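Participant: Enclosed is the structure file structure09.cif (mmCIF, C-alpha atoms and all ligand atoms).
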data_data
loop_
_atom_site.label_atom_id
_atom_site.label_comp_id
_atom_site.auth_asym_id
_atom_site.auth_seq_id
_atom_site.Cartn_x
_atom_site.Cartn_y
_atom_site.Cartn_z
CA MET G 1124 -134.51 231.87 -71.08
CA ASN G 1125 -131.63 229.47 -70.58
CA ASP G 1126 -128.55 229.60 -72.81
CA THR G 1127 -128.77 233.37 -73.17
CA SER G 1128 -126.12 235.83 -72.14
CA ILE G 1129 -126.95 239.18 -70.60
CA LYS G 1130 -126.41 242.16 -72.89
CA ILE G 1131 -127.50 244.97 -70.59
CA SER G 1132 -127.55 244.81 -66.82
CA ILE G 1133 -129.29 247.50 -64.78
CA ARG G 1134 -128.24 247.53 -61.14
CA LYS G 1135 -129.80 249.40 -58.21
CA LEU G 1136 -130.84 252.24 -60.50
CA TYR G 1137 -132.60 255.26 -58.98
CA LYS G 1138 -133.76 258.50 -60.57
CA VAL G 1139 -135.14 261.36 -58.54
CA PHE G 1140 -136.20 264.50 -60.39
CA GLY G 1141 -135.94 267.79 -58.51
CA ASP G 1142 -133.56 270.52 -57.31
CA ASP G 1143 -131.70 268.51 -54.70
CA PRO G 1144 -132.04 264.82 -55.54
CA GLN G 1145 -129.42 263.27 -53.21
CA PRO G 1146 -131.18 263.96 -49.87
CA ALA G 1147 -134.45 262.93 -51.52
CA LEU G 1148 -132.79 259.71 -52.68
CA GLN G 1149 -131.85 258.91 -49.09
CA LEU G 1150 -135.50 259.27 -48.09
CA VAL G 1151 -136.47 256.87 -50.89
CA MET G 1152 -133.82 254.37 -49.80
CA ASP G 1153 -135.24 254.63 -46.29
CA GLY G 1154 -138.61 253.59 -47.68
CA MET G 1155 -140.46 256.74 -48.73
CA GLY G 1156 -142.83 256.22 -51.67
CA LYS G 1157 -143.45 258.34 -54.75
CA ALA G 1158 -146.60 260.10 -53.51
CA GLU G 1159 -145.13 261.12 -50.16
CA LEU G 1160 -141.86 262.29 -51.77
CA LEU G 1161 -143.81 264.56 -54.07
CA GLU G 1162 -146.19 265.84 -51.44
CA LYS G 1163 -143.69 266.53 -48.65
CA HIS G 1164 -140.46 267.22 -50.55
CA ASN G 1165 -141.54 268.29 -54.02
CA HIS G 1166 -139.31 265.73 -55.75
CA VAL G 1167 -140.49 263.17 -58.30
CA LEU G 1168 -139.44 259.56 -57.92
CA GLY G 1169 -138.80 258.46 -61.52
CA LEU G 1170 -137.10 255.12 -60.87
CA ASN G 1171 -136.82 253.20 -57.62
CA ASP G 1172 -134.16 250.48 -57.23
CA ILE G 1173 -134.42 248.98 -60.70
CA ASN G 1174 -132.60 245.67 -61.22
CA VAL G 1175 -133.13 244.18 -64.67
CA ASP G 1176 -131.01 241.87 -66.80
CA ILE G 1177 -131.70 242.27 -70.50
CA PRO G 1178 -130.85 239.10 -72.42
CA ALA G 1179 -128.83 239.25 -75.65
CA GLY G 1180 -130.68 238.48 -78.87
CA LYS G 1181 -134.16 238.65 -77.28
CA THR G 1182 -136.99 241.14 -77.00
CA THR G 1183 -137.42 242.66 -73.56
CA VAL G 1184 -140.63 244.62 -73.15
CA ILE G 1185 -140.95 247.26 -70.44
CA MET G 1186 -144.60 247.84 -69.71
CA GLY G 1187 -146.51 250.08 -67.37
CA LEU G 1188 -149.15 252.77 -67.21
CA SER G 1189 -148.46 256.39 -68.02
CA GLY G 1190 -145.97 257.86 -65.54
CA SER G 1191 -144.67 254.49 -64.35
CA GLY G 1192 -141.11 255.29 -65.53
CA LYS G 1193 -140.78 253.48 -68.88
CA SER G 1194 -139.29 256.38 -70.86
CA THR G 1195 -137.05 257.38 -67.96
CA LEU G 1196 -135.70 253.84 -67.81
CA ILE G 1197 -135.02 253.39 -71.54
CA ARG G 1198 -133.29 256.80 -71.65
CA HIS G 1199 -130.83 255.60 -69.03
CA LEU G 1200 -129.70 252.84 -71.40
CA ASN G 1201 -128.07 255.36 -73.76
CA ARG G 1202 -127.50 257.97 -71.05
CA LEU G 1203 -129.93 260.52 -72.39
CA ILE G 1204 -130.72 260.70 -68.67
CA GLU G 1205 -128.13 260.43 -65.89
CA PRO G 1206 -129.16 258.38 -62.85
CA THR G 1207 -129.26 259.66 -59.29
CA ALA G 1208 -127.67 256.35 -58.26
CA GLY G 1209 -126.94 252.94 -59.73
CA GLU G 1210 -125.18 251.26 -62.63
CA VAL G 1211 -125.94 250.37 -66.23
CA TRP G 1212 -123.69 247.71 -67.74
CA VAL G 1213 -123.61 247.14 -71.49
CA ASP G 1214 -121.39 244.33 -72.79
CA ASP G 1215 -119.52 244.27 -69.48
CA ASP G 1216 -118.84 248.04 -69.41
CA ASN G 1217 -120.36 250.35 -66.82
CA ILE G 1218 -121.52 253.01 -69.28
CA LEU G 1219 -121.73 255.61 -66.52
CA GLU G 1220 -117.95 255.62 -66.54
CA TYR G 1221 -117.77 256.25 -70.30
CA THR G 1222 -116.06 259.35 -71.64
CA ASP G 1223 -117.97 261.51 -74.12
CA THR G 1224 -116.14 259.82 -77.00
CA GLN G 1225 -116.99 256.32 -75.76
CA LEU G 1226 -120.59 257.37 -75.29
CA ARG G 1227 -120.80 258.77 -78.81
CA GLN G 1228 -119.26 255.58 -80.19
CA MET G 1229 -121.80 253.48 -78.32
CA ARG G 1230 -124.75 255.55 -79.54
CA GLN G 1231 -123.51 255.49 -83.13
CA HIS G 1232 -122.45 251.89 -83.47
CA ARG G 1233 -123.91 249.73 -80.72
CA MET G 1234 -127.40 251.11 -80.07
CA SER G 1235 -130.12 252.41 -82.32
CA MET G 1236 -133.40 253.99 -81.34
CA VAL G 1237 -136.85 253.81 -82.94
CA PHE G 1238 -139.20 256.58 -81.80
CA GLN G 1239 -142.96 256.84 -81.42
CA LYS G 1240 -143.08 259.85 -83.76
CA PHE G 1241 -140.63 258.29 -86.26
CA ALA G 1242 -138.16 261.24 -86.07
CA LEU G 1243 -137.28 261.17 -89.78
CA LEU G 1244 -135.46 264.10 -91.35
CA PRO G 1245 -138.03 265.77 -93.64
CA HIS G 1246 -135.59 267.12 -96.23
CA ARG G 1247 -133.77 263.85 -96.72
CA THR G 1248 -135.00 261.03 -98.93
CA VAL G 1249 -136.13 257.73 -97.52
CA LEU G 1250 -132.80 256.19 -98.57
CA GLN G 1251 -130.84 259.00 -96.87
CA ASN G 1252 -132.95 258.62 -93.73
CA ALA G 1253 -132.31 254.89 -93.69
CA GLY G 1254 -128.59 255.59 -94.08
CA LEU G 1255 -128.43 258.20 -91.33
CA ALA G 1256 -126.00 256.31 -89.07
CA PRO G 1257 -123.35 255.61 -91.75
CA SER G 1258 -123.86 259.17 -93.04
CA ILE G 1259 -123.12 260.61 -89.56
CA ALA G 1260 -120.10 258.32 -89.40
CA GLY G 1261 -118.82 260.05 -92.57
CA GLN G 1262 -119.87 257.66 -95.37
CA ASN G 1263 -121.29 259.14 -98.56
CA GLU G 1264 -124.55 257.94 -100.09
CA ARG G 1265 -122.83 255.84 -102.74
CA LYS G 1266 -121.09 253.87 -100.00
CA TYR G 1267 -124.10 253.16 -97.77
CA ALA G 1268 -126.81 252.99 -100.46
CA ASP G 1269 -126.67 249.21 -101.01
CA GLU G 1270 -126.95 248.44 -97.32
CA ALA G 1271 -129.74 251.00 -96.76
CA ARG G 1272 -131.63 249.69 -99.80
CA ARG G 1273 -131.27 246.11 -98.59
CA TRP G 1274 -132.99 246.98 -95.30
CA LEU G 1275 -135.63 249.14 -96.96
CA ASP G 1276 -136.44 246.13 -99.16
CA ARG G 1277 -136.52 243.88 -96.11
CA VAL G 1278 -139.05 246.05 -94.26
CA GLY G 1279 -141.34 246.21 -97.32
CA LEU G 1280 -140.25 249.52 -98.86
CA ALA G 1281 -138.63 248.30 -102.08
CA GLY G 1282 -138.55 251.09 -104.67
CA GLN G 1283 -139.41 253.87 -102.15
CA GLY G 1284 -135.86 255.13 -101.57
CA GLU G 1285 -136.23 258.36 -103.55
CA GLN G 1286 -139.46 259.43 -101.81
CA TYR G 1287 -139.54 261.96 -98.97
CA PRO G 1288 -141.01 261.09 -95.55
CA HIS G 1289 -144.14 263.26 -95.98
CA GLN G 1290 -145.04 261.21 -99.08
CA LEU G 1291 -145.35 258.05 -96.96
CA SER G 1292 -148.10 256.85 -94.57
CA GLY G 1293 -147.38 256.60 -90.83
CA GLY G 1294 -146.81 252.85 -91.06
CA MET G 1295 -144.39 253.30 -93.94
CA GLN G 1296 -142.53 256.04 -92.07
CA GLN G 1297 -142.03 253.73 -89.13
CA ARG G 1298 -140.74 251.07 -91.54
CA VAL G 1299 -138.10 253.65 -92.50
CA GLY G 1300 -137.39 254.10 -88.77
CA ILE G 1301 -136.79 250.36 -88.46
CA ALA G 1302 -134.69 250.24 -91.66
CA ARG G 1303 -132.61 253.09 -90.24
CA ALA G 1304 -132.00 251.12 -87.03
CA LEU G 1305 -131.05 248.01 -89.02
CA THR G 1306 -128.75 249.90 -91.41
CA SER G 1307 -126.82 251.19 -88.39
CA ASN G 1308 -125.89 247.55 -87.80
CA SER G 1309 -126.07 247.98 -84.02
CA ASP G 1310 -126.81 244.95 -81.83
CA ILE G 1311 -129.18 246.83 -79.56
CA MET G 1312 -132.46 248.43 -80.67
CA LEU G 1313 -134.29 250.68 -78.25
CA MET G 1314 -137.93 251.11 -79.26
CA ASP G 1315 -139.89 253.74 -77.32
CA GLU G 1316 -143.64 253.23 -77.90
CA ALA G 1317 -142.56 252.63 -81.50
CA PHE G 1318 -145.97 251.43 -82.72
CA SER G 1319 -148.28 253.47 -80.46
CA ALA G 1320 -148.97 256.19 -83.04
CA LEU G 1321 -150.17 253.71 -85.68
CA ASP G 1322 -153.67 252.54 -86.55
CA PRO G 1323 -154.55 249.17 -84.98
CA LEU G 1324 -154.24 247.08 -88.18
CA ILE G 1325 -150.96 248.72 -89.20
CA ARG G 1326 -149.75 248.30 -85.64
CA THR G 1327 -150.43 244.56 -85.83
CA ASP G 1328 -148.50 244.38 -89.14
CA MET G 1329 -145.55 246.15 -87.56
CA GLN G 1330 -145.58 243.78 -84.57
CA ASP G 1331 -145.54 240.84 -87.00
CA LEU G 1332 -142.67 242.45 -88.90
CA LEU G 1333 -140.66 242.93 -85.71
CA ASN G 1334 -141.22 239.31 -84.67
CA GLU G 1335 -140.13 238.13 -88.14
CA LEU G 1336 -137.01 240.30 -88.06
CA GLN G 1337 -136.19 239.07 -84.58
CA ALA G 1338 -136.48 235.41 -85.62
CA GLU G 1339 -133.98 236.21 -88.38
CA LEU G 1340 -131.60 238.72 -86.76
CA GLN G 1341 -131.79 238.19 -82.98
CA LYS G 1342 -131.07 241.78 -81.99
CA THR G 1343 -131.27 242.80 -78.37
CA VAL G 1344 -134.53 244.73 -78.47
CA VAL G 1345 -135.80 246.84 -75.57
CA PHE G 1346 -139.39 247.76 -76.39
CA ILE G 1347 -141.56 250.11 -74.37
CA THR G 1348 -145.31 249.93 -74.41
CA HIS G 1349 -148.33 250.60 -72.23
CA ASP G 1350 -150.32 247.95 -74.13
CA LEU G 1351 -150.41 244.47 -72.59
CA ASP G 1352 -151.54 242.73 -75.80
CA GLU G 1353 -148.56 244.22 -77.61
CA ALA G 1354 -146.25 243.27 -74.73
CA LEU G 1355 -147.45 239.67 -74.74
CA LYS G 1356 -147.09 239.42 -78.50
CA LEU G 1357 -143.50 240.68 -78.59
CA ALA G 1358 -141.84 239.88 -75.30
CA ASP G 1359 -139.40 237.12 -74.49
CA HIS G 1360 -138.81 238.91 -71.20
CA LEU G 1361 -141.46 241.17 -69.68
CA VAL G 1362 -140.78 243.86 -67.07
CA ILE G 1363 -143.79 245.52 -65.43
CA LEU G 1364 -143.28 248.93 -63.83
CA LYS G 1365 -145.49 250.84 -61.42
CA ASP G 1366 -144.63 254.19 -59.81
CA GLY G 1367 -140.99 253.76 -60.79
CA SER G 1368 -140.57 250.25 -59.36
CA VAL G 1369 -140.45 246.85 -61.02
CA ILE G 1370 -143.50 244.97 -59.78
CA GLN G 1371 -142.80 241.73 -61.64
CA GLN G 1372 -140.51 240.53 -64.42
CA GLY G 1373 -140.03 237.23 -66.21
CA GLU G 1374 -141.31 235.10 -69.04
CA PRO G 1375 -144.67 236.58 -70.12
CA GLN G 1376 -146.60 233.30 -70.00
CA HIS G 1377 -145.29 232.70 -66.48
CA ILE G 1378 -146.43 236.16 -65.39
CA LEU G 1379 -149.86 235.55 -66.88
CA LEU G 1380 -150.20 232.27 -65.01
CA ASN G 1381 -148.55 233.52 -61.79
CA PRO G 1382 -149.25 237.22 -61.27
CA ALA G 1383 -147.17 238.34 -58.29
CA ALA G 1384 -149.36 241.22 -57.11
CA PRO G 1385 -152.99 242.36 -57.26
CA TYR G 1386 -151.86 245.14 -59.62
CA ILE G 1387 -150.67 242.52 -62.13
CA GLU G 1388 -153.79 240.39 -61.61
CA ASP G 1389 -155.87 243.41 -62.59
CA PHE G 1390 -153.66 244.07 -65.58
CA VAL G 1391 -153.99 240.54 -66.94
CA ALA G 1392 -157.63 240.00 -65.98
CA ASP G 1393 -159.07 241.03 -69.34
CA ILE G 1394 -156.60 239.21 -71.54
CA ASN G 1395 -157.93 236.55 -73.89
CA ARG G 1396 -155.94 233.80 -72.22
CA ALA G 1397 -156.89 231.13 -74.77
CA ARG G 1398 -155.30 233.19 -77.50
CA VAL G 1399 -152.16 234.17 -75.57
CA LEU G 1400 -151.24 231.06 -73.59
CA ARG G 1401 -149.20 228.36 -75.31
CA VAL G 1402 -149.43 224.63 -74.80
CA ARG G 1403 -145.89 224.47 -73.33
CA SER G 1404 -146.94 226.70 -70.42
CA VAL G 1405 -149.72 224.43 -69.19
CA MET G 1406 -148.76 220.92 -70.33
CA GLY G 1407 -147.94 218.07 -67.92
CA THR G 1408 -145.08 215.57 -68.04
CA PHE G 1409 -144.97 213.13 -70.93
CA ARG G 1410 -145.72 209.47 -70.15
CA GLU G 1411 -145.03 206.69 -72.69
CA ALA G 1412 -148.09 204.66 -71.74
CA GLY G 1413 -151.43 206.34 -72.14
CA THR G 1414 -153.90 207.24 -74.76
CA TYR G 1415 -154.25 210.58 -76.42
CA ALA G 1416 -156.52 212.10 -79.02
CA GLY G 1417 -153.68 213.27 -81.26
CA ASP G 1418 -150.54 215.39 -81.43
CA ILE G 1419 -150.28 219.13 -80.85
CA ASP G 1420 -147.24 221.41 -80.95
CA HIS G 1421 -145.76 222.90 -77.77
CA HIS G 1422 -146.09 226.36 -79.33
CA ASP G 1423 -149.79 226.02 -80.27
CA THR G 1424 -152.17 228.41 -78.54
CA LEU G 1425 -154.78 226.98 -76.19
CA GLU G 1426 -157.38 228.47 -78.52
CA SER G 1427 -156.24 226.23 -81.37
CA VAL G 1428 -156.37 223.16 -79.10
CA ILE G 1429 -159.90 224.06 -77.98
CA ALA G 1430 -160.92 224.23 -81.63
CA LYS G 1431 -159.25 220.89 -82.35
CA SER G 1432 -160.92 219.19 -79.38
CA GLU G 1433 -164.32 220.63 -80.33
CA GLY G 1434 -164.69 221.44 -76.64
CA ASP G 1435 -164.40 217.83 -75.39
CA THR G 1436 -162.83 218.15 -71.92
CA ASN G 1437 -162.28 214.38 -71.60
CA LEU G 1438 -159.46 214.37 -74.15
CA SER G 1439 -155.74 214.67 -73.75
CA TYR G 1440 -153.09 215.36 -76.38
CA ARG G 1441 -149.46 214.41 -76.88
CA VAL G 1442 -147.32 217.55 -77.08
CA MET G 1443 -144.53 217.60 -79.67
CA GLN G 1444 -141.48 219.81 -80.07
CA ASP G 1445 -139.17 219.36 -83.08
CA GLY G 1446 -140.70 215.95 -83.77
CA LYS G 1447 -140.22 214.64 -80.21
CA PRO G 1448 -142.87 214.14 -77.50
CA VAL G 1449 -142.28 216.60 -74.64
CA GLY G 1450 -145.50 216.52 -72.64
CA LEU G 1451 -149.16 215.72 -72.32
CA LEU G 1452 -151.99 218.21 -72.27
CA ASP G 1453 -155.13 217.24 -70.44
CA MET G 1454 -158.08 219.32 -71.63
CA ARG G 1455 -159.27 219.76 -68.04
CA LYS G 1456 -155.92 221.34 -67.20
CA LEU G 1457 -156.28 223.58 -70.21
CA VAL G 1458 -159.69 224.72 -69.00
CA ARG G 1459 -158.27 225.53 -65.55
CA ALA G 1460 -155.55 227.67 -67.14
CA LEU G 1461 -158.24 229.83 -68.74
CA VAL G 1462 -159.36 231.00 -65.32
CA PRO G 1463 -157.30 233.97 -64.11
CA SER G 1464 -156.26 232.87 -60.60
CA GLU G 1465 -156.02 229.87 -58.30
CA ARG G 1466 -158.55 231.45 -55.99
CA SER G 1467 -161.13 231.67 -58.73
CA VAL G 1468 -160.45 228.06 -59.77
CA GLU G 1469 -161.47 227.01 -56.28
CA ARG G 1470 -164.64 229.04 -56.58
CA GLU G 1471 -165.66 227.91 -60.00
CA THR G 1472 -164.30 225.61 -62.69
CA PRO G 1473 -165.65 226.57 -66.09
CA ASP G 1474 -167.57 223.94 -67.97
CA LEU G 1475 -167.91 223.12 -71.63
CA SER G 1476 -170.42 225.87 -72.30
CA ASP G 1477 -167.93 228.46 -70.97
CA LEU G 1478 -165.37 227.09 -73.35
CA GLN G 1479 -167.72 227.15 -76.27
CA SER G 1480 -168.82 230.71 -75.58
CA LYS G 1481 -165.16 231.75 -75.32
CA SER G 1482 -164.52 230.10 -78.68
CA ALA G 1483 -167.54 231.85 -80.16
CA GLU G 1484 -166.25 235.20 -78.86
CA THR G 1485 -162.91 234.45 -80.40
CA ASP G 1486 -164.45 233.44 -83.73
CA ALA G 1487 -166.46 236.65 -83.76
CA ALA G 1488 -163.34 238.70 -83.04
CA LEU G 1489 -161.36 236.89 -85.71
CA SER G 1490 -164.01 237.36 -88.37
CA GLN G 1491 -164.09 241.15 -87.84
N1 LIG J 1 -137.74 265.92 -66.55
C1 LIG J 1 -138.59 265.55 -65.58
N2 LIG J 1 -138.78 266.32 -64.50
C2 LIG J 1 -139.62 265.96 -63.51
N3 LIG J 1 -140.30 264.80 -63.50
C3 LIG J 1 -140.14 263.99 -64.55
C4 LIG J 1 -139.29 264.31 -65.65
N4 LIG J 1 -139.34 263.30 -66.55
C5 LIG J 1 -140.20 262.40 -66.04
N5 LIG J 1 -140.68 262.80 -64.85
C6 LIG J 1 -141.60 262.06 -63.97
O1 LIG J 1 -141.09 260.75 -63.79
C7 LIG J 1 -142.14 259.80 -63.77
C8 LIG J 1 -141.91 258.78 -64.86
O2 LIG J 1 -142.11 259.40 -66.14
P1 LIG J 1 -141.93 258.66 -67.52
O3 LIG J 1 -142.10 259.66 -68.60
O4 LIG J 1 -140.67 257.87 -67.49
O5 LIG J 1 -143.16 257.65 -67.49
P2 LIG J 1 -143.74 256.74 -68.66
O6 LIG J 1 -144.06 255.43 -68.05
O7 LIG J 1 -142.78 256.74 -69.81
O8 LIG J 1 -145.04 257.52 -69.04
P3 LIG J 1 -145.74 257.77 -70.49
O9 LIG J 1 -146.27 256.43 -70.92
O10 LIG J 1 -146.82 258.74 -70.18
O11 LIG J 1 -144.67 258.31 -71.38
C9 LIG J 1 -143.43 260.57 -63.93
O12 LIG J 1 -143.96 260.80 -62.66
C10 LIG J 1 -142.97 261.87 -64.58
O13 LIG J 1 -143.84 262.93 -64.24
#
Can you give me the file's structure in the form of structure tokens?
Ligand SMILES: Nc1ncnc2c1ncn2[C@@H]1O[C@H](COP(=O)(O)OP(=O)(O)OP(=O)(O)O)[C@@H](O)[C@H]1O
Facilitator:
Amino acid sequence: MNDTSIKISIRKLYKVFGDDPQPALQLVMDGMGKAELLEKHNHVLGLNDINVDIPAGKTTVIMGLSGSGKSTLIRHLNRLIEPTAGEVWVDDDNILEYTDTQLRQMRQHRMSMVFQKFALLPHRTVLQNAGLAPSIAGQNERKYADEARRWLDRVGLAGQGEQYPHQLSGGMQQRVGIARALTSNSDIMLMDEAFSALDPLIRTDMQDLLNELQAELQKTVVFITHDLDEALKLADHLVILKDGSVIQQGEPQHILLNPAAPYIEDFVADINRARVLRVRSVMGTFREAGTYAGDIDHHDTLESVIAKSEGDTNLSYRVMQDGKPVGLLDMRKLVRALVPSERSVERETPDLSDLQSKSAETDAALSQ
């Protein structure tokens, strides 16, 4: 994540829910955990000393199980929730110091939100829903129609502008939600479980759409999910929450290869690593001299390299990025990366038959 500036910076953020949060906060700062705070003091620890830098133009995914604090955290970014302590900086402003007018300006022009349940206005057309932000800012339909239509076209809803939300499927309604966020022309998109209400195939389509839009538009996206596959597919930066605390954050591939806590190890244990890990995350240094079986791209998945090698663990490949060699990938190293942790590598190194059965599983999954 080099060469990226920070768009949103969350500093020492705490949220305690209850009648008298300040004394409870002191107990938390002195080390009391969520369970004890609830049991002995009847206060809920929502967020505990959150420090996260959200890079501009990238997708940051906040992931955690139910109750871990994801919604509480994202709602602090537009001050739908006020913290018990801490700071939230957006574009170098501490938004907790904003006046009501500044806050309204920020919500209207600098941040948009995409909701799990779409939150479309039922009596407005698709075009009017897409143009909600300019409409609230006082523009009439004639003025915003071109821009709203452009984004409806871009999300795959060309010709649907005169429909009403109830005439569209769930996936189409969420496309309107995304078009609405894009028509607002804000740099920051907050997406709260935005795809969780959709059927699996539609959900995959929407994830692909978001990745495509991001490659084109580079918005600062903060995306909440409880689904690790979704997180790994979307995230440039991944933040994992548990009981209101950040357990680990960083580049998703790095987290997968270096889980910092048993909780994360458990989370990532069932992931199809061959499909998620990229060559760049496991390759070694490039050496001029040496023989290799062919060229692969740094962004290829390990699964595609396994297929290319036909399971031959004696091979190594030259890794290319933008036409230049950047590394070497030894198939034995690739195989080691498929095993979840260092400890298990010491116990057992998978052999060719493991690889082939993994490939067969993958083929079966792909052909479904
Ligand atoms: N208004 C509230 N009053 C009291 N406790 C709250 C309130 N809002 C959230 N909480 C508590 O704060 C913690 C974090 O909740 P939050 O909704 O942020 O979790 P989440 O990770 O978004 O969960 P889910 O995936 O189920 O939406 C939970 O223990 C929850 O019960």
Participant: Report, in Å with one decimal, the straight-line distance from CA of Arg1272 (chain G) to CA of Ala1358 (chain G).
Facilitator: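 Distance reported for this atom pair: 28.3 Å.
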Participant: Quick one: residues within 6 Å of ligand LIG 1 (chain J), with only C-alpha atoms and all ligand atoms, as a list in words?
Facilitator: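 Checking only C-alpha atoms and all ligand atoms against ligand LIG 1 (chain J) at 6 Å gives Phe1140, Val1167, Gly1169, Gly1187, Leu1188, Ser1189, Gly1190, Ser1191, Gly1192, Lys1193, Ser1194 and Thr1195 of chain G.
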Participant: Could you list, as number ranges by chain, every residue within 12 Å of Val1449 (chain G), counting all atoms listed in the file and ignoring same-chain residues fewer than 3 positions away?
Facilitator: G: 1402-1404, 1406-1411, 1418-1422, 1440-1446, 1452
Participant: Could you pull the residues within 10 Å of region 1318-1327 of chain G, counting only C-alpha atoms, minus those fewer than 4 positions along the same chain, as an MDAnalysis selection string?
Facilitator: chainID G and resid 1237:1241 1292:1295 1297 1314 1331:1333 1346:1350 1353 1356
Participant: For Gln1341 (chain G), which residue out of G:Gly1180, G:Pro1288, G:Gly1367, G:Gly1154 is the nearest one, using only C-alpha atoms?
Facilitator: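 Residue with the minimum atom-to-atom distance to Gln1341 (chain G): G:Gly1180.
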Participant: Give the answer as one residue: which of G:Ile1394, G:Ala1383, G:Ala1338, G:Val1369 has the shortest atom-to-atom distance to Lys1135 (chain G), using only C-alpha atoms?
Facilitator: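 Of G:Ile1394, G:Ala1383, G:Ala1338, G:Val1369, the one nearest Lys1135 (chain G) is G:Val1369, counting only C-alpha atoms.
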Participant: Any idea what's packed within 8 Å of Ile1133 (chain G), counting all atoms listed in the file, ignoring anything in its chain fewer than 2 positions away? Could you give it as a ChimeraX atom specification?
Facilitator: /G:1131,1135-1136,1173-1176,1209-1212
Participant: May I have the residues from that selection written out with C-alpha atoms, as a PDB file, in the frame of the given file?
Facilitator:
ATOM      1  CA  ILE G1131    -127.500 244.970 -70.590  1.00  0.00           C
ATOM      2  CA  LYS G1135    -129.800 249.400 -58.210  1.00  0.00           C
ATOM      3  CA  LEU G1136    -130.840 252.240 -60.500  1.00  0.00           C
ATOM      4  CA  ILE G1173    -134.420 248.980 -60.700  1.00  0.00           C
ATOM      5  CA  ASN G1174    -132.600 245.670 -61.220  1.00  0.00           C
ATOM      6  CA  VAL G1175    -133.130 244.180 -64.670  1.00  0.00           C
ATOM      7  CA  ASP G1176    -131.010 241.870 -66.800  1.00  0.00           C
ATOM      8  CA  GLY G1209    -126.940 252.940 -59.730  1.00  0.00           C
ATOM      9  CA  GLU G1210    -125.180 251.260 -62.630  1.00  0.00           C
ATOM     10  CA  VAL G1211    -125.940 250.370 -66.230  1.00  0.00           C
ATOM     11  CA  TRP G1212    -123.690 247.710 -67.740  1.00  0.00           C
TER      12      TRP G1212
END
Participant: To one decimal place in Å, what is the distance between CA of Leu1168 (chain G) and CA of Arg1198 (chain G)?
Facilitator: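 Distance reported for this atom pair: 15.3 Å.
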Participant: Nearest to Leu1379 (chain G) among G:Lys1365, G:Arg1401, G:Lys1266, G:His1232, with distances taken over all atoms listed in the file: which residue is it?
Facilitator: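 Closest residue, counting all atoms listed in the file: G:Arg1401.
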Participant: Please tell me which residues are no farther than 10 Å from (-131.7, 252.1, -89.0) in the file, counting only C-alpha atoms, and write them as a PyMOL selection string.
Facilitator: chain G and resi 1234-1237+1252-1257+1271+1274-1275+1298-1309+1312
Participant: Would you be able to write out as a PyMOL selection string which residues have an atom within 7 Å of (-159.4, 227.9, -77.4) in the file's coordinates, counting all atoms listed in the file?
Facilitator: chain G and resi 1397-1398+1425-1430+1482
Participant: Restricting the calculation to all atoms listed in the file: of G:Asp1172, G:Asp1310, G:Asp1423, G:Asp1143, which residue gets closest to Lys1342 (chain G)?
Facilitator: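 Of all the options, G:Asp1310 lies closest to Lys1342 (chain G).
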Participant: Taking 4 positions as the minimum chain separation for residues in the same chain, which residues sit within 10 Å of Arg1202 (chain G) when counting all atoms listed in the file? Answer as a PyMOL selection string.
Facilitator: chain G and resi 1196-1198+1206+1211+1218-1219+1221+1226+1230
Participant: Taking into account only C-alpha atoms, which residue in the set G:Ala1260, G:Gly1417, G:Tyr1267, G:Ala1242 is nearest to His1289 (chain G)?
Facilitator: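 Between G:Ala1260, G:Gly1417, G:Tyr1267, G:Ala1242, the residue approaching His1289 (chain G) most closely is G:Ala1242.
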Participant: Select, from G:Gln1296, G:Val1458, G:Gly1413, G:Arg1273, the residue with the minimum atom-to-atom distance to Leu1244 (chain G), counting all atoms listed in the file.
Facilitator: G:Gln1296
Participant: State, in Å with one decimal place, the distance from CA of Glu1316 (chain G) to CA of Gly1156 (chain G).
Facilitator: 26.4 Å
Participant: Excluding Pro1382 (chain G) and residues on its chain fewer than 6 positions from it, collect all residues at most 12 Å away from it, counting only C-alpha atoms, and give them as a compact mmCIF listing (two decimals) with C-alpha atoms, keeping the file's coordinate frame.
Facilitator:
# COMPACT_ATOMS: atom_id res chain seq x y z
CA ILE G 1363 -143.79 245.52 -65.43
CA ILE G 1370 -143.50 244.97 -59.78
CA GLN G 1371 -142.80 241.73 -61.64
CA GLN G 1372 -140.51 240.53 -64.42
CA GLY G 1373 -140.03 237.23 -66.21
CA GLU G 1374 -141.31 235.10 -69.04
CA PRO G 1375 -144.67 236.58 -70.12
CA GLN G 1376 -146.60 233.30 -70.00
CA GLU G 1388 -153.79 240.39 -61.61
CA ASP G 1389 -155.87 243.41 -62.59
CA PHE G 1390 -153.66 244.07 -65.58
CA VAL G 1391 -153.99 240.54 -66.94
CA ALA G 1392 -157.63 240.00 -65.98
CA PRO G 1463 -157.30 233.97 -64.11
CA SER G 1464 -156.26 232.87 -60.60
CA GLU G 1465 -156.02 229.87 -58.30
